[in-house]
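For reference, structure_2.csv is printed below; it contains CSV, C-alpha atoms.
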chain,number,residue,atom,x,y,z
A,1,ASN,CA,3.4,-65.8,-11.0
A,2,GLY,CA,1.5,-63.2,-9.1
A,3,GLY,CA,4.7,-61.4,-8.0
A,4,ALA,CA,5.4,-57.8,-8.9
A,5,LEU,CA,8.6,-56.2,-9.7
A,6,LEU,CA,9.9,-52.6,-9.4
A,7,TRP,CA,12.2,-51.6,-12.2
A,8,VAL,CA,14.2,-48.4,-12.3
A,9,LEU,CA,16.2,-48.0,-15.5
A,10,ARG,CA,19.1,-45.9,-16.5
A,11,MET,CA,19.8,-44.0,-19.7
A,12,LYS,CA,21.9,-45.8,-22.2
A,13,MET,CA,25.5,-45.2,-21.2
A,14,ALA,CA,25.3,-44.4,-17.5
A,15,TYR,CA,25.8,-48.0,-16.6
A,16,ARG,CA,29.0,-48.6,-18.6
A,17,PRO,CA,31.6,-47.0,-16.3
A,18,ASN,CA,34.4,-49.3,-17.3
A,19,LEU,CA,34.1,-48.3,-21.0
A,20,MET,CA,33.7,-44.6,-20.1
A,21,ASP,CA,36.7,-44.6,-17.7
A,22,GLU,CA,38.9,-46.3,-20.4
A,23,LEU,CA,37.8,-43.9,-23.1
A,24,ALA,CA,38.4,-40.8,-21.0
A,25,SER,CA,42.1,-41.7,-20.8
A,26,ILE,CA,42.9,-42.4,-24.5
A,27,PRO,CA,43.6,-40.2,-27.5
A,28,SER,CA,40.6,-39.4,-29.7
A,29,ASP,CA,41.9,-41.3,-32.7
A,30,GLU,CA,41.8,-44.5,-30.7
A,31,VAL,CA,38.2,-44.2,-29.4
A,32,ALA,CA,36.5,-45.9,-32.4
A,33,GLY,CA,38.6,-49.0,-32.2
A,34,ARG,CA,38.1,-49.4,-28.4
A,35,VAL,CA,34.3,-48.9,-28.8
A,36,ALA,CA,34.2,-51.5,-31.5
A,37,ALA,CA,36.2,-54.0,-29.4
A,38,TYR,CA,34.0,-53.3,-26.3
A,39,GLY,CA,30.9,-54.0,-28.4
A,40,ARG,CA,32.2,-57.4,-29.4
A,41,VAL,CA,32.7,-58.6,-25.8
A,42,ASN,CA,30.1,-61.1,-24.8
A,43,GLY,CA,27.5,-59.5,-22.6
A,44,SER,CA,28.5,-56.0,-23.1
A,45,LYS,CA,25.3,-55.0,-24.8
A,46,GLY,CA,21.7,-55.5,-23.7
A,47,CYS,CA,22.5,-55.7,-20.0
A,48,GLN,CA,19.2,-54.3,-18.7
A,49,SER,CA,17.1,-56.1,-21.3
A,50,LYS,CA,18.8,-59.4,-20.4
A,51,MET,CA,18.1,-58.9,-16.7
A,52,LEU,CA,14.5,-58.1,-17.4
A,53,LEU,CA,14.3,-61.4,-19.2
A,54,GLY,CA,15.7,-63.3,-16.2
A,55,ALA,CA,19.3,-63.7,-17.5
A,56,PHE,CA,22.5,-62.4,-16.1
A,57,CYS,CA,23.9,-59.2,-17.6
A,58,GLN,CA,27.1,-60.8,-19.0
A,59,GLU,CA,25.3,-63.9,-20.5
A,60,ASP,CA,26.2,-64.5,-24.1
A,61,ILE,CA,22.7,-64.0,-25.5
A,62,GLU,CA,21.9,-62.7,-28.9
A,63,MET,CA,19.3,-60.0,-28.4
A,64,THR,CA,17.1,-60.7,-31.3
A,65,PRO,CA,14.1,-58.5,-32.2
A,66,SER,CA,11.7,-60.9,-30.5
A,67,LEU,CA,13.7,-60.9,-27.3
A,68,ILE,CA,13.9,-57.1,-27.4
A,69,ASP,CA,10.1,-57.0,-27.8
A,70,GLU,CA,9.7,-59.4,-24.9
A,71,ALA,CA,11.8,-57.3,-22.6
A,72,ARG,CA,9.8,-54.2,-23.6
A,73,ARG,CA,6.5,-56.1,-23.0
A,74,ARG,CA,7.6,-57.2,-19.6
A,75,LEU,CA,7.9,-53.6,-18.5
A,76,TRP,CA,4.1,-53.5,-19.0
A,77,THR,CA,3.1,-56.9,-17.7
A,78,GLY,CA,5.7,-57.8,-15.1
A,79,ALA,CA,6.5,-54.6,-13.4
A,80,ALA,CA,4.3,-53.0,-10.7
A,81,PHE,CA,6.2,-49.8,-11.2
A,82,VAL,CA,8.8,-48.4,-13.7
A,83,GLY,CA,11.1,-45.5,-12.6
A,84,LEU,CA,13.9,-43.7,-14.3
A,85,VAL,CA,17.2,-43.1,-12.5
A,86,GLU,CA,17.7,-39.7,-14.3
A,87,ARG,CA,14.3,-38.7,-12.7
A,88,TRP,CA,14.9,-40.2,-9.3
A,89,GLU,CA,13.1,-37.8,-7.0
A,90,GLU,CA,10.1,-37.7,-9.4
A,91,SER,CA,10.2,-41.5,-9.6
A,92,VAL,CA,10.1,-41.9,-5.8
A,93,CYS,CA,7.2,-39.4,-5.5
A,94,LEU,CA,5.3,-41.1,-8.4
A,95,PHE,CA,5.8,-44.5,-6.8
A,96,HIS,CA,4.2,-43.4,-3.6
A,97,LYS,CA,1.4,-41.5,-5.3
A,98,LEU,CA,0.5,-44.7,-7.2
A,99,MET,CA,1.3,-47.3,-4.6
A,100,GLY,CA,0.6,-45.5,-1.3
A,101,GLY,CA,2.7,-44.2,1.6
A,102,LEU,CA,4.7,-41.1,1.8
A,103,PRO,CA,8.2,-40.5,0.4
A,104,SER,CA,10.9,-40.2,3.0
A,105,ALA,CA,14.1,-38.1,2.9
A,106,GLN,CA,16.1,-41.3,2.9
A,107,GLU,CA,14.6,-42.4,-0.4
A,108,MET,CA,15.8,-39.2,-2.0
A,109,LYS,CA,19.5,-39.9,-1.2
A,110,ASP,CA,21.8,-41.6,-3.8
A,111,ILE,CA,23.1,-44.4,-1.7
A,112,HIS,CA,24.8,-46.1,-4.6
A,113,PRO,CA,26.1,-43.4,-7.0
A,114,GLY,CA,28.3,-45.9,-8.8
A,115,VAL,CA,32.0,-46.4,-9.4
A,116,GLY,CA,34.2,-43.8,-7.6
A,117,LYS,CA,31.1,-42.3,-5.9
A,118,ARG,CA,30.7,-39.7,-8.7
A,119,ASP,CA,28.4,-36.7,-8.3
A,120,GLU,CA,26.6,-34.8,-11.1
A,121,SER,CA,29.7,-32.6,-11.7
A,122,GLN,CA,31.6,-35.8,-12.7
A,123,LEU,CA,29.1,-37.3,-15.1
A,124,TYR,CA,30.5,-38.9,-18.3
A,125,ASP,CA,30.5,-37.2,-21.6
A,126,GLU,CA,28.9,-39.8,-23.8
A,127,SER,CA,29.5,-37.9,-27.0
A,128,ARG,CA,32.9,-39.6,-27.7
A,129,VAL,CA,31.4,-43.0,-27.4
A,130,LEU,CA,28.3,-42.3,-29.4
A,131,ALA,CA,30.3,-40.5,-32.1
A,132,ALA,CA,32.5,-43.6,-32.4
A,133,GLY,CA,29.5,-45.7,-33.3
A,134,TRP,CA,28.3,-47.2,-30.0
A,135,HIS,CA,24.8,-48.6,-30.4
A,136,ASP,CA,22.9,-50.8,-27.9
A,137,GLU,CA,19.7,-51.6,-29.8
A,138,ALA,CA,18.2,-53.7,-27.0
A,139,ASP,CA,18.7,-51.4,-24.1
A,140,GLU,CA,18.0,-48.3,-26.1
A,141,ALA,CA,14.6,-49.8,-27.1
A,142,LEU,CA,14.0,-50.8,-23.5
A,143,TYR,CA,14.8,-47.4,-22.1
A,144,ALA,CA,12.6,-45.7,-24.8
A,145,GLU,CA,9.7,-48.0,-23.7
A,146,ALA,CA,10.4,-47.3,-20.0
A,147,GLN,CA,10.0,-43.6,-20.8
A,148,VAL,CA,6.6,-44.4,-22.3
A,149,VAL,CA,5.6,-46.4,-19.3
A,150,PHE,CA,6.8,-43.7,-16.9
A,151,GLU,CA,4.7,-41.0,-18.7
A,152,TRP,CA,1.7,-43.3,-18.7
A,153,GLN,CA,2.1,-43.8,-14.9
A,154,ARG,CA,2.3,-40.0,-14.5
A,155,LYS,CA,-1.0,-39.7,-16.3
A,156,ARG,CA,-2.6,-42.3,-14.1
A,157,ALA,CA,-1.4,-40.5,-11.0
A,158,ALA,CA,-2.7,-37.2,-12.3
A,159,ARG,CA,-6.1,-38.8,-12.7
A,160,GLY,CA,-5.9,-40.2,-9.1
A,161,GLU,CA,-5.9,-43.8,-10.2
A,162,PRO,CA,-4.2,-45.9,-7.5
A,163,GLY,CA,-1.8,-48.7,-8.3
A,164,LEU,CA,-0.9,-50.0,-11.7
A,165,PRO,CA,-2.8,-52.6,-13.7
A,166,ARG,CA,-0.5,-55.2,-15.2
A,167,ARG,CA,-1.2,-54.3,-18.8
A,168,GLY,CA,-0.3,-51.6,-21.3
A,169,PRO,CA,-2.0,-48.3,-21.8
A,170,SER,CA,-5.7,-48.2,-22.7
Translate this structure into structure tokens?
Amino acid sequence: NGGALLWVLRMKMAYRPNLMDELASIPSDEVAGRVAAYGRVNGSKGCQSKMLLGAFCQEDIEMTPSLIDEARRRLWTGAAFVGLVERWEESVCLFHKLMGGLPSAQEMKDIHPGVGKRDESQLYDESRVLAAGWHDEADEALYAEAQVVFEWQRKRAARGEPGLPRRGPS
């Protein structure tokens, strides 16, 4: 379509504040049951992958291996730039190195830190959720691919190559 997208992805659990808030307040022996129930709710998994495919996060879509592969492919073919929330400042600087312009102080601010305006001292401990069996195959695969794209972009920037071709690494 000729348009280009900018994607900035989050690590696997950071965008699940409702689950994390709920689990923080219950006894350890109830965590596994809550995680299993949350995983059965339509739309609770594959949110970022669904959005990359053009669907809404909460749509009841079975994220098949072919859809997961398509979401991963779109990071290479449909995104002008892929950044990582956990590496925000580096993402902003890399974006400008590849696309032009200079980063501003405003871009370095977290203007939407999420539910309850948490700062780094209030980040969630994902270990309870992961230990209880949470697994989001689609978004974990997408985030892993985003990390590959991000590193590839860094190499292009280090070589002084402007912009990003809409293809995978060569």
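Proximity ranking of A:Ala138, A:Leu23, A:Ala32, A:Leu75 relative to A:Glu62 places A:Ala138 first, based on only C-alpha atoms.
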| field | Polymer residues at most 12 Å from (17.7, -61.7, -25.3) by all atoms listed in the file, as a ChimeraX atom specification | value | /A:43,45-72,137-139,142
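For the atom pair formed by atom CA of A:Trp7 and atom CA of A:Ala157, the distance is 17.6 Å, given to one decimal.
For the pair atom CA of A:Met99 and atom CA of A:Glu151, the separation is 15.8 Å.
Ranking A:Asp29, A:Glu86, A:Glu22, A:Asp136 by their shortest atom-to-atom distance to A:Val8, with only C-alpha atoms included, puts A:Glu86 first.
Going from atom CA of A:Leu84 over to atom CA of A:Trp134, you cover 21.6 Å.
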| Quick one: of A:Thr77, A:Gly100, A:Val31, A:Ala24, who's nearest to A:Ala131, counting all atoms listed in the file? | A:Val31
| task | Write out as a PyMOL selection string which residues come within 10 Å of A:Arg87 when counting all atoms listed in the file, dropping same-chain ones fewer than 5 positions away. | result | chain A and resi 8-10+92+150
Generate the coordinates of N, CA, C and O atoms for stretch 58-72 of chain A; report them as a PDB file, keeping the file's coordinate frame.
ATOM      1  N   GLN A  58      25.942 -60.416 -18.146  1.00  0.00           N
ATOM      2  CA  GLN A  58      27.100 -60.800 -19.000  1.00  0.00           C
ATOM      3  C   GLN A  58      26.832 -62.129 -19.752  1.00  0.00           C
ATOM      4  O   GLN A  58      27.741 -62.633 -20.403  1.00  0.00           O
ATOM      5  N   GLU A  59      25.599 -62.676 -19.701  1.00  0.00           N
ATOM      6  CA  GLU A  59      25.300 -63.900 -20.500  1.00  0.00           C
ATOM      7  C   GLU A  59      25.463 -63.616 -21.958  1.00  0.00           C
ATOM      8  O   GLU A  59      25.085 -62.559 -22.440  1.00  0.00           O
ATOM      9  N   ASP A  60      25.990 -64.593 -22.668  1.00  0.00           N
ATOM     10  CA  ASP A  60      26.200 -64.500 -24.100  1.00  0.00           C
ATOM     11  C   ASP A  60      24.867 -64.831 -24.799  1.00  0.00           C
ATOM     12  O   ASP A  60      24.657 -65.965 -25.225  1.00  0.00           O
ATOM     13  N   ILE A  61      23.990 -63.848 -24.883  1.00  0.00           N
ATOM     14  CA  ILE A  61      22.700 -64.000 -25.500  1.00  0.00           C
ATOM     15  C   ILE A  61      22.555 -63.046 -26.641  1.00  0.00           C
ATOM     16  O   ILE A  61      22.795 -61.853 -26.460  1.00  0.00           O
ATOM     17  N   GLU A  62      22.196 -63.553 -27.805  1.00  0.00           N
ATOM     18  CA  GLU A  62      21.900 -62.700 -28.900  1.00  0.00           C
ATOM     19  C   GLU A  62      20.583 -62.013 -28.721  1.00  0.00           C
ATOM     20  O   GLU A  62      19.562 -62.694 -28.660  1.00  0.00           O
ATOM     21  N   MET A  63      20.565 -60.710 -28.587  1.00  0.00           N
ATOM     22  CA  MET A  63      19.300 -60.000 -28.400  1.00  0.00           C
ATOM     23  C   MET A  63      18.605 -59.793 -29.691  1.00  0.00           C
ATOM     24  O   MET A  63      18.767 -58.775 -30.351  1.00  0.00           O
ATOM     25  N   THR A  64      17.819 -60.787 -30.063  1.00  0.00           N
ATOM     26  CA  THR A  64      17.100 -60.700 -31.300  1.00  0.00           C
ATOM     27  C   THR A  64      15.895 -59.769 -31.176  1.00  0.00           C
ATOM     28  O   THR A  64      15.514 -59.400 -30.054  1.00  0.00           O
ATOM     29  N   PRO A  65      15.303 -59.370 -32.293  1.00  0.00           N
ATOM     30  CA  PRO A  65      14.100 -58.500 -32.200  1.00  0.00           C
ATOM     31  C   PRO A  65      13.010 -59.061 -31.332  1.00  0.00           C
ATOM     32  O   PRO A  65      12.363 -58.315 -30.596  1.00  0.00           O
ATOM     33  N   SER A  66      12.798 -60.374 -31.373  1.00  0.00           N
ATOM     34  CA  SER A  66      11.700 -60.900 -30.500  1.00  0.00           C
ATOM     35  C   SER A  66      12.075 -60.875 -29.053  1.00  0.00           C
ATOM     36  O   SER A  66      11.191 -60.650 -28.218  1.00  0.00           O
ATOM     37  N   LEU A  67      13.351 -61.046 -28.691  1.00  0.00           N
ATOM     38  CA  LEU A  67      13.700 -60.900 -27.300  1.00  0.00           C
ATOM     39  C   LEU A  67      13.644 -59.459 -26.819  1.00  0.00           C
ATOM     40  O   LEU A  67      13.236 -59.179 -25.681  1.00  0.00           O
ATOM     41  N   ILE A  68      14.013 -58.537 -27.691  1.00  0.00           N
ATOM     42  CA  ILE A  68      13.900 -57.100 -27.400  1.00  0.00           C
ATOM     43  C   ILE A  68      12.418 -56.765 -27.127  1.00  0.00           C
ATOM     44  O   ILE A  68      12.074 -56.094 -26.150  1.00  0.00           O
ATOM     45  N   ASP A  69      11.545 -57.249 -28.011  1.00  0.00           N
ATOM     46  CA  ASP A  69      10.100 -57.000 -27.800  1.00  0.00           C
ATOM     47  C   ASP A  69       9.592 -57.615 -26.540  1.00  0.00           C
ATOM     48  O   ASP A  69       8.764 -57.018 -25.849  1.00  0.00           O
ATOM     49  N   GLU A  70      10.080 -58.792 -26.190  1.00  0.00           N
ATOM     50  CA  GLU A  70       9.700 -59.400 -24.900  1.00  0.00           C
ATOM     51  C   GLU A  70      10.110 -58.637 -23.731  1.00  0.00           C
ATOM     52  O   GLU A  70       9.351 -58.474 -22.764  1.00  0.00           O
ATOM     53  N   ALA A  71      11.314 -58.124 -23.754  1.00  0.00           N
ATOM     54  CA  ALA A  71      11.800 -57.300 -22.600  1.00  0.00           C
ATOM     55  C   ALA A  71      10.926 -56.047 -22.511  1.00  0.00           C
ATOM     56  O   ALA A  71      10.520 -55.674 -21.399  1.00  0.00           O
ATOM     57  N   ARG A  72      10.614 -55.421 -23.623  1.00  0.00           N
ATOM     58  CA  ARG A  72       9.800 -54.200 -23.600  1.00  0.00           C
ATOM     59  C   ARG A  72       8.367 -54.585 -23.078  1.00  0.00           C
ATOM     60  O   ARG A  72       7.798 -53.848 -22.271  1.00  0.00           O
TER      61      ARG A  72
END
